[in-house]
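Everything below belongs to entry.tsv, which stores TSV, C-alpha atoms.
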chain	number	residue	atom	x	y	z
Y	1	MET	CA	92.13	105.45	109.34
Y	2	PRO	CA	92.06	107.15	105.96
Y	3	THR	CA	94.00	110.38	105.76
Y	4	GLY	CA	94.21	113.37	103.44
Y	5	ARG	CA	91.72	114.27	100.77
Y	6	ASP	CA	89.99	110.91	100.70
Y	7	ALA	CA	89.38	111.13	104.45
Y	8	GLU	CA	87.89	114.59	104.06
Y	9	LEU	CA	85.72	113.37	101.24
Y	10	VAL	CA	84.48	110.40	103.25
Y	11	ALA	CA	83.68	112.73	106.15
Y	12	SER	CA	81.77	115.10	103.83
Y	13	LEU	CA	79.75	112.23	102.41
Y	14	ILE	CA	78.81	110.92	105.82
Y	15	ALA	CA	77.88	114.48	106.81
Y	16	GLY	CA	75.48	114.53	103.85
Y	17	ASP	CA	77.36	116.85	101.49
Y	18	GLU	CA	75.43	116.50	98.22
Y	19	ALA	CA	77.86	118.55	96.18
Y	20	ALA	CA	80.74	116.31	97.25
Y	21	PHE	CA	78.78	113.24	96.15
Y	22	ALA	CA	77.84	114.87	92.84
Y	23	ARG	CA	81.51	115.63	92.17
Y	24	LEU	CA	82.45	112.05	92.93
Y	25	VAL	CA	79.78	110.81	90.52
Y	26	GLU	CA	80.94	113.24	87.83
Y	27	ALA	CA	84.51	112.11	88.21
Y	28	HIS	CA	83.90	108.37	88.12
Y	29	HIS	CA	80.46	107.29	87.02
Y	30	GLU	CA	81.12	107.11	83.31
Y	31	GLY	CA	84.48	105.41	83.73
Y	32	LEU	CA	82.93	102.81	86.03
Y	33	LEU	CA	80.09	102.26	83.60
Y	34	ARG	CA	82.31	101.76	80.58
Y	35	LEU	CA	84.41	99.31	82.51
Y	36	ALA	CA	81.36	97.42	83.74
Y	37	ARG	CA	79.96	97.16	80.22
Y	38	ARG	CA	82.99	95.15	79.20
Y	39	MET	CA	82.14	92.59	81.88
Y	40	LEU	CA	78.37	92.80	81.45
Y	41	PRO	CA	77.51	93.57	77.85
Y	42	ARG	CA	73.77	92.84	78.09
Y	43	ALA	CA	71.91	96.15	77.77
Y	44	GLY	CA	71.11	97.82	81.06
Y	45	VAL	CA	72.91	95.36	83.32
Y	46	ALA	CA	76.10	97.38	83.72
Y	47	GLU	CA	74.01	100.47	84.50
Y	48	GLU	CA	72.26	98.58	87.28
Y	49	VAL	CA	75.49	97.28	88.74
Y	50	VAL	CA	77.11	100.72	88.75
Y	51	GLN	CA	74.06	102.18	90.53
Y	52	GLU	CA	74.23	99.39	93.11
Y	53	THR	CA	77.93	100.04	93.44
Y	54	TRP	CA	77.34	103.67	94.39
Y	55	MET	CA	74.90	102.63	97.08
Y	56	ALA	CA	77.25	99.91	98.30
Y	57	VAL	CA	80.03	102.48	98.48
Y	58	LEU	CA	77.92	104.78	100.66
Y	59	ARG	CA	76.68	101.99	102.90
Y	60	GLY	CA	80.22	100.66	103.21
Y	61	LEU	CA	82.01	103.94	103.87
Y	62	ALA	CA	82.89	103.01	107.44
Y	63	ARG	CA	84.79	100.02	106.04
Y	64	PHE	CA	87.02	102.17	103.88
Y	65	GLU	CA	90.37	101.95	105.61
Y	66	GLY	CA	92.39	104.17	103.34
Y	67	ARG	CA	94.82	101.40	102.44
Y	68	SER	CA	94.16	102.30	98.83
Y	69	ALA	CA	92.85	105.44	97.20
Y	70	LEU	CA	89.08	105.85	97.50
Y	71	LYS	CA	88.84	105.59	93.72
Y	72	THR	CA	90.62	102.24	93.72
Y	73	TRP	CA	88.34	101.01	96.49
Y	74	ILE	CA	85.27	102.02	94.44
Y	75	TYR	CA	86.61	100.23	91.36
Y	76	ARG	CA	87.27	97.14	93.41
Y	77	ILE	CA	83.72	97.12	94.71
Y	78	LEU	CA	82.42	97.54	91.18
Y	79	VAL	CA	84.55	94.76	89.73
Y	80	ASN	CA	83.58	92.34	92.50
Y	81	ARG	CA	79.90	93.10	92.09
Y	82	ALA	CA	80.13	92.86	88.32
Y	83	ARG	CA	81.84	89.52	88.69
Y	84	SER	CA	79.16	88.04	90.88
Y	85	ARG	CA	76.48	89.47	88.62
Y	86	ALA	CA	78.15	87.91	85.58
Y	87	ARG	CA	78.26	84.60	87.44
Y	88	LYS	CA	74.51	84.82	88.10
Y	89	GLU	CA	73.88	85.65	84.47
Y	90	GLY	CA	75.84	82.55	83.56
Y	91	ARG	CA	78.33	84.53	81.56
Y	92	SER	CA	81.86	83.35	81.13
Y	93	LEU	CA	83.99	85.88	82.87
Y	94	PRO	CA	86.73	87.79	81.20
Y	95	PHE	CA	88.89	87.22	84.27
Y	96	SER	CA	87.98	83.68	85.15
Y	97	ALA	CA	90.56	82.14	82.85
Y	98	MET	CA	94.04	83.44	82.39
Y	99	GLY	CA	94.74	82.43	78.84
Y	100	ASN	CA	91.78	83.19	76.63
Y	101	GLY	CA	93.29	83.88	73.26
Y	102	GLU	CA	93.57	87.60	73.76
Y	103	ASP	CA	97.27	87.60	74.24
Y	104	GLY	CA	98.84	86.32	71.06
Y	105	PRO	CA	101.97	88.06	69.86
Y	106	MET	CA	101.58	91.66	68.89
Y	107	GLU	CA	101.33	92.27	65.11
Y	108	PRO	CA	103.94	89.62	64.26
Y	109	GLU	CA	103.65	90.53	60.58
Y	110	ARG	CA	105.43	93.78	61.26
Y	111	PHE	CA	108.59	91.84	62.08
Y	112	ASP	CA	110.69	89.45	60.00
Y	113	ALA	CA	111.76	85.98	61.09
Y	114	SER	CA	114.77	87.35	62.95
Y	115	GLY	CA	112.59	89.78	64.93
Y	116	LYS	CA	113.62	92.93	63.03
Y	117	TRP	CA	111.08	95.50	61.88
Y	118	GLN	CA	109.71	94.64	58.49
Y	119	GLU	CA	107.13	97.39	58.57
Y	120	PRO	CA	108.62	100.02	60.89
Y	121	PRO	CA	106.44	102.57	62.64
Y	122	SER	CA	105.77	105.63	60.54
Y	123	GLU	CA	107.05	108.97	61.76
Y	124	TRP	CA	104.57	111.14	63.63
Y	125	ASP	CA	104.75	114.85	63.28
Y	126	ALA	CA	102.31	115.67	66.03
Y	127	SER	CA	102.68	116.16	69.74
Y	128	PRO	CA	100.30	114.73	72.35
Y	129	SER	CA	98.96	118.21	73.05
Y	130	GLY	CA	98.41	118.76	69.32
Y	131	MET	CA	96.49	115.48	69.14
Y	132	LEU	CA	94.41	116.42	72.14
Y	133	MET	CA	93.33	119.65	70.48
Y	134	ARG	CA	91.45	117.56	67.96
Y	135	LYS	CA	88.03	116.55	69.22
Y	136	GLU	CA	87.59	113.87	66.56
Y	137	MET	CA	90.72	112.26	67.93
Y	138	HIS	CA	89.16	111.94	71.40
Y	139	GLN	CA	86.21	110.20	69.88
Y	140	ALA	CA	88.40	107.91	67.80
Y	141	ILE	CA	90.45	106.92	70.84
Y	142	LEU	CA	87.42	106.24	73.02
Y	143	GLU	CA	85.87	104.17	70.24
Y	144	ALA	CA	89.11	102.26	69.82
Y	145	ILE	CA	89.07	101.38	73.52
Y	146	GLU	CA	85.61	99.89	73.06
Y	147	THR	CA	86.88	97.59	70.31
Y	148	ILE	CA	89.90	96.14	72.10
Y	149	PRO	CA	89.38	92.91	74.06
Y	150	PRO	CA	87.70	93.40	77.47
Y	151	ARG	CA	90.61	92.60	79.74
Y	152	GLN	CA	92.97	94.83	77.81
Y	153	ALA	CA	90.45	97.66	77.78
Y	154	MET	CA	89.86	97.34	81.53
Y	155	VAL	CA	93.55	97.48	82.36
Y	156	LEU	CA	94.09	100.40	79.99
Y	157	ARG	CA	91.20	102.36	81.47
Y	158	MET	CA	92.42	101.91	85.01
Y	159	ARG	CA	96.09	102.53	84.29
Y	160	ASP	CA	96.04	105.34	81.76
Y	161	LEU	CA	92.63	106.99	82.01
Y	162	GLU	CA	92.24	106.67	85.78
Y	163	GLY	CA	95.93	106.89	86.62
Y	164	MET	CA	96.09	103.83	88.89
Y	165	SER	CA	99.38	102.08	89.53
Y	166	SER	CA	100.08	98.58	88.29
Y	167	GLU	CA	99.75	97.34	91.87
Y	168	GLU	CA	96.33	98.94	92.25
Y	169	VAL	CA	95.14	97.41	88.99
Y	170	ARG	CA	96.40	93.98	90.01
Y	171	ASN	CA	94.60	94.38	93.28
Y	172	VAL	CA	91.30	95.41	91.67
Y	173	LEU	CA	91.33	92.73	88.99
Y	174	GLU	CA	93.18	90.03	90.94
Y	175	ILE	CA	95.58	89.30	88.13
Y	176	SER	CA	99.31	88.61	88.08
Y	177	GLU	CA	101.94	91.17	87.36
Y	178	THR	CA	102.84	89.53	84.06
Y	179	ASN	CA	99.23	89.54	83.00
Y	180	GLN	CA	98.76	93.16	83.90
Y	181	ARG	CA	101.85	94.11	81.98
Y	182	VAL	CA	100.97	92.18	78.84
Y	183	LEU	CA	97.37	93.41	78.81
Y	184	LEU	CA	98.41	97.02	79.22
Y	185	HIS	CA	100.99	96.92	76.47
Y	186	ARG	CA	98.66	95.14	74.03
Y	187	ALA	CA	96.06	97.78	74.69
Y	188	ARG	CA	98.43	100.70	74.26
Y	189	HIS	CA	99.79	99.13	71.13
Y	190	LYS	CA	96.30	99.08	69.63
Y	191	VAL	CA	95.55	102.67	70.56
Y	192	ARG	CA	98.93	103.60	69.10
Y	193	GLY	CA	97.79	101.95	65.88
Y	194	VAL	CA	94.69	104.12	65.81
Y	195	LEU	CA	96.76	107.26	66.30
Y	196	GLU	CA	99.13	106.08	63.60
Y	197	GLY	CA	96.22	105.66	61.23
Y	198	TYR	CA	95.19	109.23	61.89
Y	199	LEU	CA	98.61	110.77	61.67
Y	200	ALA	CA	99.56	108.87	58.55
Y	201	GLY	CA	96.10	108.90	56.99
Y	202	GLY	CA	96.21	112.65	56.49
Y	203	VAL	CA	92.98	113.48	58.29
Y	204	SER	CA	93.78	117.11	58.95
G	205	MET	CA	120.73	90.39	72.50
G	206	LYS	CA	117.06	91.22	72.26
G	207	THR	CA	115.34	91.54	68.90
G	208	CYS	CA	113.29	94.56	67.83
G	209	GLN	CA	110.16	92.53	68.44
G	210	GLN	CA	111.24	91.83	72.02
G	211	ILE	CA	112.18	95.46	72.57
G	212	ALA	CA	108.78	96.56	71.26
G	213	GLU	CA	107.13	94.21	73.76
G	214	LEU	CA	108.96	95.98	76.58
G	215	ALA	CA	108.11	99.49	75.41
G	216	SER	CA	105.31	100.13	77.91
G	217	GLN	CA	107.38	99.00	80.87
G	218	TYR	CA	110.24	101.11	79.56
G	219	VAL	CA	108.20	104.29	79.33
G	220	ASP	CA	106.57	103.57	82.70
G	221	GLY	CA	109.97	103.12	84.34
G	222	GLU	CA	109.08	99.58	85.40
G	223	LEU	CA	112.00	97.64	83.94
G	224	SER	CA	114.76	95.99	85.97
G	225	MET	CA	118.13	97.72	85.68
G	226	ALA	CA	119.46	94.97	83.43
G	227	ASP	CA	116.54	95.14	81.00
G	228	TRP	CA	116.52	98.90	81.10
G	229	GLY	CA	120.18	99.01	80.08
G	230	GLN	CA	119.57	96.63	77.20
G	231	VAL	CA	116.53	98.54	75.97
G	232	ARG	CA	118.36	101.87	76.27
G	233	MET	CA	121.27	100.60	74.22
G	234	HIS	CA	119.01	99.09	71.59
G	235	LEU	CA	116.97	102.30	71.25
G	236	TRP	CA	120.13	104.30	70.82
G	237	LEU	CA	121.13	102.14	67.87
G	238	CYS	CA	117.71	101.51	66.36
G	239	PRO	CA	115.58	104.40	65.04
G	240	PRO	CA	112.43	102.32	64.36
G	241	CYS	CA	112.37	101.01	67.93
G	242	ARG	CA	113.04	104.51	69.19
G	243	ALA	CA	110.10	105.82	67.17
G	244	TYR	CA	107.93	103.02	68.53
G	245	ALA	CA	108.87	103.68	72.16
G	246	ASP	CA	108.28	107.42	71.69
G	247	GLN	CA	104.89	106.68	70.20
G	248	ILE	CA	103.92	104.42	73.07
G	249	ALA	CA	104.93	107.24	75.43
G	250	MET	CA	102.83	109.70	73.43
G	251	THR	CA	99.91	107.30	73.37
G	252	ARG	CA	100.04	107.04	77.13
G	253	GLN	CA	100.20	110.81	77.46
G	254	VAL	CA	97.21	111.30	75.17
G	255	LEU	CA	95.21	108.69	77.11
G	256	GLU	CA	96.13	110.28	80.44
G	257	GLN	CA	94.99	113.67	79.28
G	258	LEU	CA	91.69	112.68	77.72
G	259	PRO	CA	88.95	114.69	79.39
G	260	ALA	CA	86.76	112.67	81.77
G	261	GLU	CA	83.80	111.10	80.01
G	262	ALA	CA	80.69	112.99	81.06
G	263	VAL	CA	77.85	111.44	83.04
G	264	SER	CA	74.36	112.45	81.89
G	265	GLU	CA	72.48	114.98	84.02
G	266	ASP	CA	69.59	112.53	84.43
G	267	VAL	CA	71.78	109.82	85.85
G	268	LYS	CA	73.55	112.27	88.09
G	269	SER	CA	70.35	113.69	89.55
G	270	GLU	CA	68.95	110.21	90.09
G	271	LEU	CA	72.09	109.25	92.01
G	272	VAL	CA	72.05	112.46	94.01
G	273	GLY	CA	68.42	111.68	94.86
G	274	ARG	CA	69.46	108.29	96.15
G	275	PHE	CA	72.24	109.93	98.12
G	276	ARG	CA	69.64	112.22	99.71
G	277	ASP	CA	67.53	109.20	100.69
G	278	TRP	CA	70.58	107.61	102.24
G	279	VAL	CA	71.36	110.78	104.20
G	280	ASP	CA	67.70	111.01	105.32
G	281	ALA	CA	67.94	107.44	106.56
G	282	GLY	CA	70.78	108.53	108.85
G	283	ALA	CA	73.68	107.74	106.47
G	284	PRO	CA	74.07	104.09	107.52
G	285	CYS	CA	77.55	103.05	106.49
G	286	ASP	CA	78.79	99.86	108.03
G	287	GLU	CA	77.82	97.23	105.49
G	288	ASP	CA	80.38	95.13	103.69
G	289	PRO	CA	80.37	96.67	100.21
G	290	GLU	CA	81.91	93.61	98.62
G	291	GLY	CA	79.40	91.27	100.18
Do you think you could lay out the structure here as C-alpha cells?
Amino acid sequence: MPTGRDAELVASLIAGDEAAFARLVEAHHEGLLRLARRMLPRAGVAEEVVQETWMAVLRGLARFEGRSALKTWIYRILVNRARSRARKEGRSLPFSAMGNGEDGPMEPERFDASGKWQEPPSEWDASPSGMLMRKEMHQAILEAIETIPPRQAMVLRMRDLEGMSSEEVRNVLEISETNQRVLLHRARHKVRGVLEGYLAGGVS
Amino acid sequence: MKTCQQIAELASQYVDGELSMADWGQVRMHLWLCPPCRAYADQIAMTRQVLEQLPAEAVSEDVKSELVGRFRDWVDAGAPCDEDPEG
C-alpha cells in the first residue's frame, strides 16, 4: 500500500477532490508534454498521449502500489504509452536502439591528444541564484533543452528538472546505468555550454 | 592516471556523489591539482543547481480546465480505477 503524501493524494483523487487533481496537473502536465514531444514530434500527438495518460492514471489508481513515487509512476505510464504510440506511427524510437550516434565523445576539440584541456572552461562570475534571477536565462535554458538530442533531454528533464533518482529514470526509460549516466552528463555538458555562452558573452 | 578529458566525463557522477570510492579519490586528487577541471566540475554543479531550481513550466488554463472537466466526468462515473494503466 502506498504511504505518506502520495497515499493521501491518491485517496483525495478517488474521493473526487478537483483541487488536488488540478494541482497535480499544474505540477506535471507541462513536463510530461515536453518529454512526450521528444518521442512524438508530430504536431498534436504528444498532447493526445499526455491527455490519455492522465485518464489512464486515474483509471489505474488502484494499481498504484507506492513502490515508486506517484510522479515516477505517472512518467512511466506516459513513456510506455508514448512508446506504443510511436510504434503505431511507425516512428523509429529514441529508445529502441542503444547506440544511435548521440553519444560520441564530448567536445573532443577542447582537449589535446594527451587528454589535457586545450580550451579550458572560462571562469564564471555568477552564482546559480544570480543566474536564476534572470528571466532570459530561464528561456535560454529551456530552449537549449529542446535542442539537445531526445534521449539526453529526457534523462535531463527527469533527473534535474523533476528530481528523480538515477534508479527511477532507469526504471522509467528501461535503460542501463551506463546509458543513463552518459546521457545525463552529455545533456548537462550542453546546458553548461549555454550558460558559458551567456556568462562569457557579456549579456548583462 | 586519468586525463582531464576522462575527469570531465566523470564530473556529473562526481557532483551527484555517485562515484565509487576509488574513482572519487582519483577525481578529488585531480581536481585539487587542476584548476580547469575544478572550474568545469563547479560549473557542472552550478548547471545542475540552476536546472533544479527552474520554476515549473506552466500549463495553459484551457488545458487545465479541460482536464479538470474530464476528471469531473470520471468522478461522476463513480471514479473507476482498476484498469491497467500501462495496458
Pick out the chain Y residues within 6 Å of chain G. Count only C-alpha atoms. Give them as a compact mmCIF listing (two decimals) with C-alpha atoms, keeping the file's coordinate frame.
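And here is the file that came out, out-v5.txt:
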# COMPACT_ATOMS: atom_id res chain seq x y z
CA GLY Y 16 75.48 114.53 103.85
CA GLU Y 26 80.94 113.24 87.83
CA GLU Y 30 81.12 107.11 83.31
CA ALA Y 56 77.25 99.91 98.30
CA ARG Y 59 76.68 101.99 102.90
CA GLY Y 60 80.22 100.66 103.21
CA LEU Y 61 82.01 103.94 103.87
CA ALA Y 62 82.89 103.01 107.44
CA ILE Y 77 83.72 97.12 94.71
CA GLY Y 115 112.59 89.78 64.93
CA LYS Y 116 113.62 92.93 63.03
CA PRO Y 120 108.62 100.02 60.89
CA PRO Y 128 100.30 114.73 72.35
CA ASP Y 160 96.04 105.34 81.76
CA LEU Y 161 92.63 106.99 82.01
CA HIS Y 185 100.99 96.92 76.47
CA ARG Y 192 98.93 103.60 69.10
* Shell around range 45-49 of chain Y at 12 Å using all atoms listed in the file, local window under 3 positions removed, as a VMD selection string -> (chain Y and resid 29 to 42 52 to 57 75 77 to 86 88 to 89) or (chain G and resid 263 267 271)
* Pairwise distance for CA of Glu146 in chain Y and CA of Val191 in chain Y, rounded to one decimal in Å ->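 Value for the CA of Glu146 in chain Y-CA of Val191 in chain Y distance: 10.6 Å.
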* Structure fact -> A straight line from CA of Trp73 in chain Y to CA of Ser12 in chain Y spans 17.2 Å
Would you give the centre and edge lengths, in Å to one decimal, of a box along x, y and z around the listed atoms of range 246-262 of chain G, with 6 Å added to each side, as JSON?
{"center_x": 94.5, "center_y": 109.6, "center_z": 76.0, "size_x": 39.6, "size_y": 22.3, "size_z": 23.6}
* What does the distance from CA of Leu156 in chain Y to CA of Lys190 in chain Y come to in Å, to one decimal? ->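 Taking CA of Leu156 in chain Y and CA of Lys190 in chain Y, their separation equals 10.7 Å.
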* Out of Y:Ile74, Y:Leu184, Y:Val172, Y:Met133, which residue has the shortest atom-to-atom distance to Ile148 in chain Y when counting all atoms listed in the file? ->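 Checking each of Y:Ile74, Y:Leu184, Y:Val172, Y:Met133 against Ile148 in chain Y, counting all atoms listed in the file, the winner is Y:Leu184.
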Completed range 249-278 of chain G (N, CA and C atoms) as a compact mmCIF listing (two decimals), keeping the file's coordinate frame:
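Once written, result-v7.txt looks like this:
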# COMPACT_ATOMS: atom_id res chain seq x y z
N ALA G 249 104.94 106.20 74.39
CA ALA G 249 104.93 107.24 75.43
C ALA G 249 103.89 108.30 75.10
N MET G 250 103.82 108.69 73.83
CA MET G 250 102.83 109.70 73.43
C MET G 250 101.42 109.17 73.58
N THR G 251 101.24 107.92 73.24
CA THR G 251 99.91 107.30 73.37
C THR G 251 99.46 107.35 74.83
N ARG G 252 100.39 107.00 75.71
CA ARG G 252 100.04 107.04 77.13
C ARG G 252 99.67 108.46 77.55
N GLN G 253 100.46 109.42 77.08
CA GLN G 253 100.20 110.81 77.46
C GLN G 253 98.83 111.28 76.97
N VAL G 254 98.51 110.90 75.73
CA VAL G 254 97.21 111.30 75.17
C VAL G 254 96.08 110.66 76.00
N LEU G 255 96.24 109.38 76.32
CA LEU G 255 95.21 108.69 77.11
C LEU G 255 95.05 109.34 78.48
N GLU G 256 96.18 109.68 79.10
CA GLU G 256 96.13 110.28 80.44
C GLU G 256 95.43 111.63 80.43
N GLN G 257 95.53 112.32 79.31
CA GLN G 257 94.99 113.67 79.28
C GLN G 257 93.62 113.77 78.64
N LEU G 258 93.06 112.63 78.26
CA LEU G 258 91.69 112.68 77.72
C LEU G 258 90.77 113.27 78.77
N PRO G 259 89.87 114.15 78.39
CA PRO G 259 88.95 114.69 79.39
C PRO G 259 88.03 113.59 79.91
N ALA G 260 87.63 113.69 81.18
CA ALA G 260 86.76 112.67 81.77
C ALA G 260 85.47 112.55 80.96
N GLU G 261 85.04 111.31 80.76
CA GLU G 261 83.80 111.10 80.01
C GLU G 261 82.63 111.58 80.88
N ALA G 262 81.72 112.32 80.26
CA ALA G 262 80.69 112.99 81.06
C ALA G 262 79.52 112.06 81.39
N VAL G 263 79.04 112.17 82.62
CA VAL G 263 77.85 111.44 83.04
C VAL G 263 76.64 112.30 82.65
N SER G 264 75.53 111.65 82.29
CA SER G 264 74.36 112.45 81.89
C SER G 264 73.74 113.11 83.12
N GLU G 265 73.10 114.25 82.91
CA GLU G 265 72.48 114.98 84.02
C GLU G 265 71.40 114.13 84.69
N ASP G 266 70.66 113.37 83.88
CA ASP G 266 69.59 112.53 84.43
C ASP G 266 70.14 111.52 85.43
N VAL G 267 71.19 110.85 84.99
CA VAL G 267 71.78 109.82 85.85
C VAL G 267 72.32 110.47 87.12
N LYS G 268 72.98 111.60 86.94
CA LYS G 268 73.55 112.27 88.09
C LYS G 268 72.46 112.68 89.08
N SER G 269 71.36 113.25 88.57
CA SER G 269 70.35 113.69 89.55
C SER G 269 69.66 112.50 90.19
N GLU G 270 69.53 111.40 89.46
CA GLU G 270 68.95 110.21 90.09
C GLU G 270 69.85 109.73 91.24
N LEU G 271 71.15 109.71 90.97
CA LEU G 271 72.09 109.25 92.01
C LEU G 271 72.11 110.21 93.20
N VAL G 272 72.07 111.49 92.91
CA VAL G 272 72.05 112.46 94.01
C VAL G 272 70.77 112.28 94.83
N GLY G 273 69.66 111.96 94.15
CA GLY G 273 68.42 111.68 94.86
C GLY G 273 68.56 110.49 95.80
N ARG G 274 69.24 109.46 95.30
CA ARG G 274 69.46 108.29 96.15
C ARG G 274 70.38 108.61 97.32
N PHE G 275 71.34 109.48 97.05
CA PHE G 275 72.24 109.93 98.12
C PHE G 275 71.43 110.63 99.21
N ARG G 276 70.49 111.49 98.76
CA ARG G 276 69.64 112.22 99.71
C ARG G 276 68.83 111.23 100.57
N ASP G 277 68.28 110.22 99.93
CA ASP G 277 67.53 109.20 100.69
C ASP G 277 68.41 108.53 101.74
N TRP G 278 69.64 108.26 101.32
CA TRP G 278 70.58 107.61 102.24
C TRP G 278 70.88 108.51 103.43
